[in-house]
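One structure is given below, encoded as structure tokens.
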Amino acid sequence: MTTRNFDALFAARSLALIGASNRPGSVGAVIARNLFGGGFEGSIATVNPREETILGRPSCRSIADLPDAPDLAIIATPAPTIPDLVAQLAARGCRAAVVISAGFSDGDLRQRMLAAARPNLMRLLGPNSLGFLSPARGINASFSHLTPKAGKVALLSQSGAVLTAMLDWAVERGIGFSHILSLGDMSDIDFGDALDFLALDHATDSILLYIESITQARKFMSAARIAARIKPVIAIKAGRSASGARAAASHTGALAGADAVYDAAIRRAGMLRVKEVRDLFDAAETLAAGMRVNGDRLAILTNGGGLGVLAADALEESGGRLAALSPQTIAALDKALPRTWSHGNPIDIIGDADGPRYDAALAALTQSREQDAILVMNCPTGIADSMDAARAVIARRSASATPLLTCWMGEATAKVARRAFSEAHIPTYDTPDEAVRAFTRLVDYAKNQAALMETPRRVPQRPSDAPGKARAIIAAVLQSGRTLLTEPEAKALLAAYGVPTVATFIAATPEEAAARADEIGQPAALKILSPDITHKSDVGGVRLNLRDGAAVRTAASDMLARVKAVAPAARIDGFTVQAMISRPGAKELLLGVSSDPTFGPVLMFGQGGTAVEVIADRALALPPLNSALADALVSQTRIAKLLRGYRDVPPADMNAIVGVLLALSDMACECPEIAELDINPLLADADGVLALDARVVVRAEQRLAEARLAIRPYPAELERDLDAPDGGLRLRVRPLRPEDEPALVAFAAATSPEDIRLRFHGVARALSHDIAARLSQLDYDREMALAAFEADAIVGVARLAFDPNFETGEYAILVRTDMQGRGIGRRLVGALMSYARTRGARALTGDVLAENHNMLDFVRELGGALERDPEMASIVHTRLPL
């Protein structure tokens, strides 16, 4: 379930409190007081078997005595009573309940509660919930100690204690809320459900999340990606622990801590993550005010040089840049400021700066485009009025589109100015560090949003026979009773997906190893071959730069003795011999796959080598990847700077590195048995990449490969060849990929503006990059777009977006003008309907302009139903039953 029956929660017209009380300080009494004192205009009933009145109002003795079924019930009774109460409410027709009660560690009790709600599709918030607040509707169905004012910020929290602290802090700052949900144990309603609703809620401009854990990762990722494309979503994640990774057998597993995986998921969804509660509200306030930046250049305007230095230090530490002032801007500032101003950024306009001087400096700065935002700071002095400076900033802000942030230092003299800034919707902060953090959060948010719309470059597809070869290797390992692939098996797995590996030979004895080395004819590397040894160097199982066969024979004998002494229980199958690779200047990289219990397969990239844990330079991403996402993954690491080249060292072949990341992404998506995988090291330089060693752990997996993934991968099974009905055209039909954005723009350009207008209901006559990027970057779990290609050109697209409950899908279709009338549209819609049936949908729905007679005739031919919108005569609602 997702948003089904959410109107009973968010738009309730009647409420009932089960467990209301008159006992001072009890949960039932506090909730009753909040309900009756919140200003709710609908009916409120209370139930207590031992009370005739609650707070002086008539009360019912039982649910059966309620005059009507409430839209929303609030239950504050002992946990063992909950399943029966839920059943009674559901039978009365109640469609949603907030379960305040704790004590559901007994899984059977939780299941009985859910089973009682399920037959009537009753939705449950909690248990162990503080409650639900919707200030604009006057609903305070909680035991919070206060009622916040109405606003445009929605707040979702798993912790009731943290939520009350956040509310207390927000009320002091005058922040209002649209809705507040204490999710508690999330037995039913979870983050994904709430995000699905709030994404389209017109009363909400931004969404704040306090996360302790996520359930149903795919639903969460889909809902979060949808919401983050529409409005700011800011998250704080508690419980940053990686203890669950300590038992992993690979570097990747040991380094992929739980918190780092959440960080990757939040970034992938386009949300913004913060570390502190105060930052959560600062970010919401800044983003909800509509402030956006296009880069990381900050101009700092201050009346105190020390303040400017502090802000500049904070900016450098956070990865931002001081904006460089052009000669023209410096000349303009020279005219407006005293000769003693700093003549650089930070722009110190001296301690006696008054309002007119602040205004003049801002005027000069805002006329240029050298900065992405301006931080205006002030420290109190006895020779200038801080409030006068604040008024100048407020007045200048209305005349400029440049984002402004403010920091008025002090307390007693700064309070009035800060209040004025807040009322003028200008973000204000107490310290330079806080102000700079707010700016860098804007930068991070802009980067996350840009990543959602970035068009990846096309790269070669993995070999078509790769999955089959990989499954054969893995099956043989599992059938032998092993979970750890040998080095030759691991390299064969990589080679199947096109990853370059060094040629490796197997030798059963020291003598055979020596012979292999002589065949190689150059210095060799010797490694122990054992299905039981994960890290060979830890047991003396690696020798390098052995000059000839004799040296290999001696090293092999010594290695055998040492390994038997250190790991006597390990099975020894022999040795591997390979040529020593000499690539001076090549960087050693670590690439890998691990499995997270919440989000499934996770990809890692970072600096490799034997000191990988000590260096700890790595970044994580969720598969599937495309080239743009792979580029972004690499850029998050410190070694990325070295890979770009320096001095006389040329840049590494980034396409080759990205190619390996995409190969690992394909493996993670197509081979569910892979539990852990390391390539360490992967050598990378200007000549390409080469995997020197690999380690792979596999386990039997009953689930389908794509079911393990938090993000549904590209559905290659939907690709097919198609003949147009007239027999003169051979088309390739497949789902759109992000790489298709240029082809989508070209398709729209080749389609008449009138057809574009009819398809998009008049809001567009052409497709911009941003629109085409949004249309081509699909969440394959919630959306589908089947495109018909003639060679590389798109000639038609049929699109589908499922509702959160997967009951219906909204469809649309557009065929290139010169290709219309050839049956392409019918074939595409037919394929779309077939796909929708496999997902369990009952019908396709779509709105069509009444003047679009061709489309309306097309719907009739398919047996669809048409209904004119009663309020908008220009719109016809269509429905295609499945």
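Every chain in the structure tokens has a letter given in the order shown (A, B, ...), and although residue numbers restart at 1 in each chain, ligands are simply numbered from 1 in the order shown.
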Strand (DSSP E) positions in segment 137-217 of chain A, given as an NGL selection string:
:A and (139-142 or 150-157 or 177-182 or 206-211)
Take the residues from that selection and put them in a file with N, CA and C atoms, as a tab-separated table (two decimals), in the first residue's frame.
chain	number	residue	atom	x	y	z
A	139	ILE	N	-5.60	20.33	13.10
A	139	ILE	CA	-5.49	18.98	13.68
A	139	ILE	C	-4.20	18.87	14.47
A	140	ASN	N	-4.33	18.60	15.77
A	140	ASN	CA	-3.18	18.22	16.59
A	140	ASN	C	-3.54	16.93	17.29
A	141	ALA	N	-3.40	15.82	16.57
A	141	ALA	CA	-3.72	14.49	17.10
A	141	ALA	C	-2.44	13.88	17.65
A	142	SER	N	-1.87	14.53	18.66
A	142	SER	CA	-0.59	14.10	19.21
A	142	SER	C	-0.54	14.43	20.69
A	150	ALA	N	0.74	27.16	11.24
A	150	ALA	CA	0.65	26.62	9.89
A	150	ALA	C	1.76	27.19	9.02
A	151	GLY	N	2.23	26.38	8.10
A	151	GLY	CA	3.28	26.82	7.19
A	151	GLY	C	3.36	25.89	6.00
A	152	LYS	N	4.48	25.89	5.31
A	152	LYS	CA	4.64	25.13	4.07
A	152	LYS	C	5.67	24.01	4.18
A	153	VAL	N	6.13	23.71	5.40
A	153	VAL	CA	7.14	22.68	5.61
A	153	VAL	C	6.48	21.43	6.18
A	154	ALA	N	6.74	20.28	5.58
A	154	ALA	CA	6.26	19.00	6.12
A	154	ALA	C	7.42	18.33	6.84
A	155	LEU	N	7.12	17.68	7.96
A	155	LEU	CA	8.14	17.04	8.77
A	155	LEU	C	7.75	15.59	9.04
A	156	LEU	N	8.66	14.67	8.70
A	156	LEU	CA	8.46	13.24	8.96
A	156	LEU	C	9.57	12.76	9.87
A	157	SER	N	9.20	12.10	10.97
A	157	SER	CA	10.21	11.66	11.93
A	157	SER	C	9.86	10.28	12.46
A	177	PHE	N	4.32	24.68	9.72
A	177	PHE	CA	4.28	23.35	9.11
A	177	PHE	C	2.96	23.11	8.40
A	178	SER	N	3.05	22.34	7.30
A	178	SER	CA	1.84	21.88	6.62
A	178	SER	C	1.33	20.61	7.30
A	179	HIS	N	2.23	19.64	7.49
A	179	HIS	CA	1.88	18.37	8.13
A	179	HIS	C	3.08	17.88	8.92
A	180	ILE	N	2.82	17.20	10.02
A	180	ILE	CA	3.87	16.58	10.83
A	180	ILE	C	3.43	15.15	11.13
A	181	LEU	N	4.26	14.18	10.74
A	181	LEU	CA	3.95	12.78	10.96
A	181	LEU	C	5.03	12.15	11.82
A	182	SER	N	4.62	11.60	12.95
A	182	SER	CA	5.50	10.77	13.75
A	182	SER	C	5.29	9.33	13.30
A	206	SER	N	8.34	22.19	1.06
A	206	SER	CA	9.58	21.46	1.33
A	206	SER	C	9.29	20.39	2.36
A	207	ILE	N	10.14	19.35	2.35
A	207	ILE	CA	9.91	18.17	3.20
A	207	ILE	C	11.18	17.88	3.99
A	208	LEU	N	11.01	17.70	5.31
A	208	LEU	CA	12.12	17.36	6.19
A	208	LEU	C	11.95	15.93	6.69
A	209	LEU	N	13.05	15.18	6.70
A	209	LEU	CA	13.02	13.78	7.15
A	209	LEU	C	14.01	13.58	8.28
A	210	TYR	N	13.56	12.99	9.38
A	210	TYR	CA	14.46	12.47	10.40
A	210	TYR	C	14.40	10.95	10.29
A	211	ILE	N	15.49	10.35	9.80
A	211	ILE	CA	15.52	8.93	9.45
A	211	ILE	C	16.39	8.16	10.43
Going by DSSP on the backbone, which residues of segment 597-670 of chain A come out as alpha helix (DSSP H)? List them as an mmCIF file with all heavy atoms, in the first residue's frame.
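See out.cif below for the written result:
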data_model
loop_
_atom_site.group_PDB
_atom_site.id
_atom_site.type_symbol
_atom_site.label_atom_id
_atom_site.label_comp_id
_atom_site.auth_asym_id
_atom_site.auth_seq_id
_atom_site.Cartn_x
_atom_site.Cartn_y
_atom_site.Cartn_z
ATOM 1 N N VAL A 612 44.506 -0.002 1.645
ATOM 2 C CA VAL A 612 43.221 0.572 1.265
ATOM 3 C C VAL A 612 42.393 0.970 2.487
ATOM 4 O O VAL A 612 41.751 2.027 2.490
ATOM 5 C CB VAL A 612 42.457 -0.413 0.349
ATOM 6 C CG1 VAL A 612 42.182 -1.724 1.051
ATOM 7 C CG2 VAL A 612 41.170 0.198 -0.135
ATOM 8 N N GLU A 613 42.399 0.146 3.553
ATOM 9 C CA GLU A 613 41.606 0.497 4.730
ATOM 10 C C GLU A 613 42.170 1.713 5.443
ATOM 11 O O GLU A 613 41.438 2.517 6.011
ATOM 12 C CB GLU A 613 41.521 -0.682 5.713
ATOM 13 C CG GLU A 613 40.563 -1.783 5.280
ATOM 14 C CD GLU A 613 41.288 -2.912 4.568
ATOM 15 O OE1 GLU A 613 42.459 -2.696 4.165
ATOM 16 O OE2 GLU A 613 40.697 -3.993 4.375
ATOM 17 N N VAL A 614 43.495 1.844 5.445
ATOM 18 C CA VAL A 614 44.125 2.973 6.124
ATOM 19 C C VAL A 614 43.867 4.260 5.368
ATOM 20 O O VAL A 614 43.538 5.295 5.958
ATOM 21 C CB VAL A 614 45.642 2.722 6.268
ATOM 22 C CG1 VAL A 614 46.316 3.932 6.922
ATOM 23 C CG2 VAL A 614 45.895 1.463 7.090
ATOM 24 N N ILE A 615 43.987 4.217 4.050
ATOM 25 C CA ILE A 615 43.781 5.418 3.234
ATOM 26 C C ILE A 615 42.321 5.842 3.260
ATOM 27 O O ILE A 615 41.997 7.030 3.334
ATOM 28 C CB ILE A 615 44.253 5.154 1.789
ATOM 29 C CG1 ILE A 615 45.767 4.889 1.782
ATOM 30 C CG2 ILE A 615 43.905 6.323 0.873
ATOM 31 C CD1 ILE A 615 46.296 4.398 0.461
ATOM 32 N N SER A 627 26.933 6.366 -17.441
ATOM 33 C CA SER A 627 28.246 7.010 -17.483
ATOM 34 C C SER A 627 28.288 8.274 -16.635
ATOM 35 O O SER A 627 29.302 8.567 -15.989
ATOM 36 C CB SER A 627 28.632 7.330 -18.932
ATOM 37 O OG SER A 627 27.671 8.192 -19.536
ATOM 38 N N ALA A 628 27.196 9.035 -16.593
ATOM 39 C CA ALA A 628 27.182 10.259 -15.786
ATOM 40 C C ALA A 628 27.263 9.927 -14.301
ATOM 41 O O ALA A 628 27.984 10.581 -13.542
ATOM 42 C CB ALA A 628 25.919 11.071 -16.080
ATOM 43 N N LEU A 629 26.536 8.918 -13.878
ATOM 44 C CA LEU A 629 26.585 8.524 -12.470
ATOM 45 C C LEU A 629 27.946 7.948 -12.106
ATOM 46 O O LEU A 629 28.444 8.153 -10.992
ATOM 47 C CB LEU A 629 25.480 7.507 -12.181
ATOM 48 C CG LEU A 629 24.045 8.042 -12.280
ATOM 49 C CD1 LEU A 629 23.047 6.882 -12.230
ATOM 50 C CD2 LEU A 629 23.764 9.031 -11.155
ATOM 51 N N ALA A 630 28.552 7.219 -13.031
ATOM 52 C CA ALA A 630 29.890 6.683 -12.776
ATOM 53 C C ALA A 630 30.908 7.817 -12.665
ATOM 54 O O ALA A 630 31.790 7.796 -11.796
ATOM 55 C CB ALA A 630 30.282 5.715 -13.898
ATOM 56 N N ASP A 631 30.812 8.816 -13.544
ATOM 57 C CA ASP A 631 31.691 9.983 -13.440
ATOM 58 C C ASP A 631 31.542 10.655 -12.079
ATOM 59 O O ASP A 631 32.531 11.044 -11.441
ATOM 60 C CB ASP A 631 31.361 10.999 -14.535
ATOM 61 C CG ASP A 631 31.812 10.552 -15.916
ATOM 62 O OD1 ASP A 631 32.732 9.717 -15.996
ATOM 63 O OD2 ASP A 631 31.236 11.032 -16.911
ATOM 64 N N ALA A 632 30.301 10.804 -11.629
ATOM 65 C CA ALA A 632 30.038 11.453 -10.346
ATOM 66 C C ALA A 632 30.613 10.636 -9.189
ATOM 67 O O ALA A 632 31.135 11.195 -8.217
ATOM 68 C CB ALA A 632 28.536 11.660 -10.156
ATOM 69 N N LEU A 633 30.535 9.319 -9.286
ATOM 70 C CA LEU A 633 31.086 8.455 -8.246
ATOM 71 C C LEU A 633 32.590 8.663 -8.128
ATOM 72 O O LEU A 633 33.125 8.818 -7.020
ATOM 73 C CB LEU A 633 30.758 7.001 -8.564
ATOM 74 C CG LEU A 633 31.333 5.939 -7.622
ATOM 75 C CD1 LEU A 633 30.816 6.131 -6.204
ATOM 76 C CD2 LEU A 633 30.997 4.542 -8.130
ATOM 77 N N VAL A 634 33.281 8.672 -9.258
ATOM 78 C CA VAL A 634 34.733 8.876 -9.243
ATOM 79 C C VAL A 634 35.084 10.238 -8.655
ATOM 80 O O VAL A 634 36.023 10.377 -7.854
ATOM 81 C CB VAL A 634 35.297 8.737 -10.669
ATOM 82 C CG1 VAL A 634 36.778 9.109 -10.701
ATOM 83 C CG2 VAL A 634 35.091 7.327 -11.193
ATOM 84 N N SER A 635 34.315 11.261 -9.012
ATOM 85 C CA SER A 635 34.635 12.638 -8.595
ATOM 86 C C SER A 635 34.524 12.842 -7.089
ATOM 87 O O SER A 635 35.049 13.822 -6.560
ATOM 88 C CB SER A 635 33.712 13.623 -9.319
ATOM 89 O OG SER A 635 32.387 13.523 -8.835
ATOM 90 N N ILE A 639 41.373 10.585 -4.957
ATOM 91 C CA ILE A 639 42.257 10.136 -6.032
ATOM 92 C C ILE A 639 41.783 10.643 -7.394
ATOM 93 O O ILE A 639 42.535 10.615 -8.375
ATOM 94 C CB ILE A 639 42.380 8.594 -6.039
ATOM 95 C CG1 ILE A 639 43.637 8.180 -6.816
ATOM 96 C CG2 ILE A 639 41.123 7.928 -6.608
ATOM 97 C CD1 ILE A 639 43.978 6.716 -6.693
ATOM 98 N N ALA A 640 40.545 11.128 -7.474
ATOM 99 C CA ALA A 640 40.040 11.652 -8.749
ATOM 100 C C ALA A 640 40.930 12.773 -9.272
ATOM 101 O O ALA A 640 41.129 12.912 -10.489
ATOM 102 C CB ALA A 640 38.604 12.147 -8.571
ATOM 103 N N LYS A 641 41.477 13.586 -8.363
ATOM 104 C CA LYS A 641 42.348 14.681 -8.798
ATOM 105 C C LYS A 641 43.608 14.139 -9.465
ATOM 106 O O LYS A 641 44.086 14.693 -10.460
ATOM 107 C CB LYS A 641 42.715 15.561 -7.609
ATOM 108 C CG LYS A 641 41.532 16.288 -6.992
ATOM 109 C CD LYS A 641 41.969 17.138 -5.805
ATOM 110 C CE LYS A 641 40.782 17.861 -5.185
ATOM 111 N NZ LYS A 641 41.186 18.675 -4.004
ATOM 112 N N LEU A 642 44.155 13.054 -8.923
ATOM 113 C CA LEU A 642 45.346 12.460 -9.528
ATOM 114 C C LEU A 642 45.017 11.824 -10.868
ATOM 115 O O LEU A 642 45.835 11.850 -11.798
ATOM 116 C CB LEU A 642 45.944 11.415 -8.586
ATOM 117 C CG LEU A 642 46.416 11.924 -7.219
ATOM 118 C CD1 LEU A 642 46.963 10.776 -6.390
ATOM 119 C CD2 LEU A 642 47.466 13.023 -7.373
ATOM 120 N N LEU A 643 43.828 11.256 -10.985
ATOM 121 C CA LEU A 643 43.444 10.627 -12.252
ATOM 122 C C LEU A 643 43.303 11.649 -13.368
ATOM 123 O O LEU A 643 43.407 11.302 -14.546
ATOM 124 C CB LEU A 643 42.132 9.861 -12.072
ATOM 125 C CG LEU A 643 42.188 8.637 -11.140
ATOM 126 C CD1 LEU A 643 40.791 8.081 -10.914
ATOM 127 C CD2 LEU A 643 43.111 7.560 -11.719
ATOM 128 N N MET A 654 39.685 7.879 -18.467
ATOM 129 C CA MET A 654 38.462 7.885 -17.668
ATOM 130 C C MET A 654 37.374 7.023 -18.306
ATOM 131 O O MET A 654 36.570 6.413 -17.600
ATOM 132 C CB MET A 654 37.964 9.312 -17.471
ATOM 133 C CG MET A 654 38.830 10.148 -16.539
ATOM 134 S SD MET A 654 39.058 9.371 -14.911
ATOM 135 C CE MET A 654 37.368 9.212 -14.365
ATOM 136 N N ASN A 655 37.344 6.967 -19.624
ATOM 137 C CA ASN A 655 36.343 6.111 -20.270
ATOM 138 C C ASN A 655 36.544 4.649 -19.893
ATOM 139 O O ASN A 655 35.569 3.901 -19.698
ATOM 140 C CB ASN A 655 36.402 6.280 -21.784
ATOM 141 C CG ASN A 655 35.803 7.592 -22.244
ATOM 142 O OD1 ASN A 655 34.934 8.149 -21.573
ATOM 143 N ND2 ASN A 655 36.263 8.091 -23.379
ATOM 144 N N ALA A 656 37.804 4.239 -19.767
ATOM 145 C CA ALA A 656 38.090 2.853 -19.396
ATOM 146 C C ALA A 656 37.681 2.589 -17.947
ATOM 147 O O ALA A 656 37.125 1.531 -17.623
ATOM 148 C CB ALA A 656 39.569 2.546 -19.598
ATOM 149 N N ILE A 657 37.947 3.547 -17.062
ATOM 150 C CA ILE A 657 37.560 3.388 -15.656
ATOM 151 C C ILE A 657 36.042 3.319 -15.543
ATOM 152 O O ILE A 657 35.491 2.457 -14.843
ATOM 153 C CB ILE A 657 38.122 4.558 -14.818
ATOM 154 C CG1 ILE A 657 39.651 4.509 -14.799
ATOM 155 C CG2 ILE A 657 37.563 4.513 -13.394
ATOM 156 C CD1 ILE A 657 40.294 5.726 -14.166
ATOM 157 N N VAL A 658 35.373 4.223 -16.236
ATOM 158 C CA VAL A 658 33.908 4.215 -16.223
ATOM 159 C C VAL A 658 33.387 2.897 -16.797
ATOM 160 O O VAL A 658 32.401 2.331 -16.300
ATOM 161 C CB VAL A 658 33.360 5.424 -17.003
ATOM 162 C CG1 VAL A 658 31.867 5.262 -17.301
ATOM 163 C CG2 VAL A 658 33.603 6.696 -16.210
ATOM 164 N N GLY A 659 34.057 2.395 -17.818
ATOM 165 C CA GLY A 659 33.632 1.127 -18.405
ATOM 166 C C GLY A 659 33.649 -0.013 -17.401
ATOM 167 O O GLY A 659 32.747 -0.870 -17.379
ATOM 168 N N VAL A 660 34.665 -0.054 -16.529
ATOM 169 C CA VAL A 660 34.725 -1.103 -15.512
ATOM 170 C C VAL A 660 33.617 -0.903 -14.488
ATOM 171 O O VAL A 660 32.978 -1.871 -14.045
ATOM 172 C CB VAL A 660 36.109 -1.120 -14.830
ATOM 173 C CG1 VAL A 660 36.145 -2.180 -13.732
ATOM 174 C CG2 VAL A 660 37.200 -1.393 -15.850
ATOM 175 N N LEU A 661 33.372 0.344 -14.088
ATOM 176 C CA LEU A 661 32.272 0.604 -13.145
ATOM 177 C C LEU A 661 30.936 0.154 -13.724
ATOM 178 O O LEU A 661 30.103 -0.429 -13.022
ATOM 179 C CB LEU A 661 32.224 2.088 -12.786
ATOM 180 C CG LEU A 661 33.251 2.573 -11.760
ATOM 181 C CD1 LEU A 661 33.267 4.091 -11.681
ATOM 182 C CD2 LEU A 661 32.955 1.972 -10.391
ATOM 183 N N LEU A 662 30.725 0.417 -15.006
ATOM 184 C CA LEU A 662 29.469 -0.009 -15.630
ATOM 185 C C LEU A 662 29.390 -1.527 -15.732
ATOM 186 O O LEU A 662 28.305 -2.115 -15.604
ATOM 187 C CB LEU A 662 29.347 0.626 -17.017
ATOM 188 C CG LEU A 662 29.248 2.154 -17.048
ATOM 189 C CD1 LEU A 662 29.079 2.652 -18.478
ATOM 190 C CD2 LEU A 662 28.099 2.641 -16.183
ATOM 191 N N ALA A 663 30.532 -2.176 -15.938
ATOM 192 C CA ALA A 663 30.545 -3.639 -15.970
ATOM 193 C C ALA A 663 30.160 -4.204 -14.601
ATOM 194 O O ALA A 663 29.371 -5.157 -14.507
ATOM 195 C CB ALA A 663 31.930 -4.146 -16.382
ATOM 196 N N LEU A 664 30.697 -3.606 -13.528
ATOM 197 C CA LEU A 664 30.331 -4.066 -12.188
ATOM 198 C C LEU A 664 28.864 -3.787 -11.902
ATOM 199 O O LEU A 664 28.186 -4.585 -11.232
ATOM 200 C CB LEU A 664 31.211 -3.380 -11.141
ATOM 201 C CG LEU A 664 32.699 -3.707 -11.161
ATOM 202 C CD1 LEU A 664 33.386 -3.121 -9.931
ATOM 203 C CD2 LEU A 664 32.940 -5.201 -11.231
ATOM 204 N N SER A 665 28.369 -2.664 -12.395
ATOM 205 C CA SER A 665 26.950 -2.355 -12.236
ATOM 206 C C SER A 665 26.092 -3.416 -12.921
ATOM 207 O O SER A 665 25.101 -3.889 -12.357
ATOM 208 C CB SER A 665 26.645 -0.973 -12.810
ATOM 209 O OG SER A 665 25.266 -0.697 -12.793
ATOM 210 N N ASP A 666 26.486 -3.805 -14.136
ATOM 211 C CA ASP A 666 25.751 -4.853 -14.852
ATOM 212 C C ASP A 666 25.802 -6.173 -14.082
ATOM 213 O O ASP A 666 24.796 -6.894 -13.974
ATOM 214 C CB ASP A 666 26.331 -5.049 -16.256
ATOM 215 C CG ASP A 666 25.986 -3.899 -17.195
ATOM 216 O OD1 ASP A 666 24.982 -3.208 -16.932
ATOM 217 O OD2 ASP A 666 26.718 -3.695 -18.173
ATOM 218 N N MET A 667 26.964 -6.501 -13.539
ATOM 219 C CA MET A 667 27.076 -7.739 -12.762
ATOM 220 C C MET A 667 26.150 -7.707 -11.553
ATOM 221 O O MET A 667 25.471 -8.703 -11.242
ATOM 222 C CB MET A 667 28.519 -7.921 -12.277
ATOM 223 C CG MET A 667 29.490 -8.385 -13.324
ATOM 224 S SD MET A 667 31.086 -8.782 -12.550
ATOM 225 C CE MET A 667 32.194 -8.154 -13.797
ATOM 226 N N ALA A 668 26.139 -6.580 -10.851
ATOM 227 C CA ALA A 668 25.299 -6.463 -9.663
ATOM 228 C C ALA A 668 23.822 -6.622 -10.020
ATOM 229 O O ALA A 668 23.035 -7.174 -9.246
ATOM 230 C CB ALA A 668 25.542 -5.122 -8.984
ATOM 231 N N CYS A 669 23.440 -6.114 -11.199
ATOM 232 C CA CYS A 669 22.038 -6.183 -11.624
ATOM 233 C C CYS A 669 21.659 -7.554 -12.149
ATOM 234 O O CYS A 669 20.508 -7.979 -12.009
ATOM 235 C CB CYS A 669 21.763 -5.129 -12.700
ATOM 236 S SG CYS A 669 21.868 -3.417 -12.125
ATOM 237 N N GLU A 670 22.614 -8.268 -12.756
ATOM 238 C CA GLU A 670 22.292 -9.497 -13.481
ATOM 239 C C GLU A 670 22.700 -10.776 -12.757
ATOM 240 O O GLU A 670 22.240 -11.858 -13.136
ATOM 241 C CB GLU A 670 22.959 -9.463 -14.858
ATOM 242 C CG GLU A 670 22.424 -8.339 -15.734
ATOM 243 C CD GLU A 670 23.244 -8.091 -16.989
ATOM 244 O OE1 GLU A 670 24.355 -8.657 -17.097
ATOM 245 O OE2 GLU A 670 22.779 -7.334 -17.858
#
Determine, counting only C-alpha atoms, which protein, DNA and RNA residues have an atom within 8 Å of an atom of Leu478 of chain A; residues of the same chain fewer than 5 positions away are not included. Present the result as a PyMOL selection string.
chain A and resi 483+698-700
Can I get the selection written as a tab-separated table (two decimals), in the first residue's frame, with C-alpha atoms?
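That gives us result-v1.tsv:
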chain	number	residue	atom	x	y	z
A	483	THR	CA	31.49	-19.51	-1.91
A	698	VAL	CA	28.99	-15.79	-4.06
A	699	ARG	CA	25.99	-17.19	-2.26
A	700	ALA	CA	22.90	-19.04	-3.41
Write out as a list in words each polymer residue whose atoms come within 9 Å of segment 360-368 of chain A, counting only C-alpha atoms; drop sequence neighbours fewer than 6 positions from it.
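Non-adjacent residues within range: Ala299, Leu301, Leu325, Ser326, Gln328, Thr329, Ile330, Ala332, Leu333, Ala336, Leu337, Ile347, Ile349, Ile374, Val376, Val393, Arg396, Arg397, Ser400, Ala401 and Thr402 of chain A.
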What's around Arg822 of chain A at 12 Å? Count only C-alpha atoms, leave out sequence neighbours fewer than 5 positions away in its own chain, and write the answer as a list in words.
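Close residues of Arg822 of chain A: Asp723, Ala724, Pro725, Asp726, Gly727, Gly728, Leu729, Arg730, Leu731, Val795, Gly796, Val815, Arg816, Thr817, Arg827 and Leu828 of chain A.
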Close residues, segment 84-96 of chain A itself excluded, 7 Å, only C-alpha atoms, min 6 positions apart in chain, as JSON, numbers by chain
{"A": [5, 8, 9, 63, 69, 70, 71, 72, 73, 113, 116, 117, 120, 121, 122, 123, 124]}
Taking N, CA and C atoms for each residue, export the selection above as a compact mmCIF listing (two decimals), in the first residue's frame.
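Okay, out34.txt is ready:
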# COMPACT_ATOMS: atom_id res chain seq x y z
N ASN A 5 -6.33 5.71 0.76
CA ASN A 5 -7.06 6.19 1.94
C ASN A 5 -6.32 7.28 2.72
N ALA A 8 -8.23 10.23 4.36
CA ALA A 8 -8.77 10.09 5.71
C ALA A 8 -7.80 10.59 6.76
N LEU A 9 -6.52 10.64 6.41
CA LEU A 9 -5.51 11.15 7.33
C LEU A 9 -5.28 12.64 7.12
N ILE A 63 -16.54 2.00 20.96
CA ILE A 63 -16.52 2.36 19.54
C ILE A 63 -17.91 2.17 18.94
N ALA A 69 -18.93 6.79 11.90
CA ALA A 69 -17.56 6.30 11.72
C ALA A 69 -16.62 7.48 11.49
N PRO A 70 -15.58 7.61 12.28
CA PRO A 70 -14.65 8.72 12.08
C PRO A 70 -13.77 8.47 10.86
N ASP A 71 -13.37 9.55 10.18
CA ASP A 71 -12.37 9.40 9.13
C ASP A 71 -11.05 8.92 9.73
N LEU A 72 -10.67 9.54 10.86
CA LEU A 72 -9.38 9.27 11.48
C LEU A 72 -9.58 8.99 12.96
N ALA A 73 -9.01 7.89 13.42
CA ALA A 73 -9.04 7.54 14.84
C ALA A 73 -7.64 7.67 15.41
N MET A 113 -2.55 -6.80 14.44
CA MET A 113 -3.02 -5.43 14.21
C MET A 113 -3.16 -5.15 12.71
N ALA A 116 -6.06 -7.02 11.16
CA ALA A 116 -7.36 -6.42 11.48
C ALA A 116 -7.67 -5.25 10.56
N ALA A 117 -6.63 -4.52 10.12
CA ALA A 117 -6.84 -3.35 9.27
C ALA A 117 -6.96 -3.71 7.79
N ASN A 120 -10.32 -3.91 5.26
CA ASN A 120 -10.99 -2.65 4.93
C ASN A 120 -10.02 -1.59 4.43
N LEU A 121 -8.77 -2.02 4.16
CA LEU A 121 -7.74 -1.11 3.66
C LEU A 121 -7.55 0.09 4.58
N MET A 122 -7.70 -0.13 5.87
CA MET A 122 -7.51 0.92 6.87
C MET A 122 -6.02 1.19 7.02
N ARG A 123 -5.63 2.46 7.01
CA ARG A 123 -4.23 2.83 7.11
C ARG A 123 -3.84 3.12 8.55
N LEU A 124 -2.63 2.72 8.93
CA LEU A 124 -2.16 2.86 10.29
C LEU A 124 -0.86 3.67 10.33
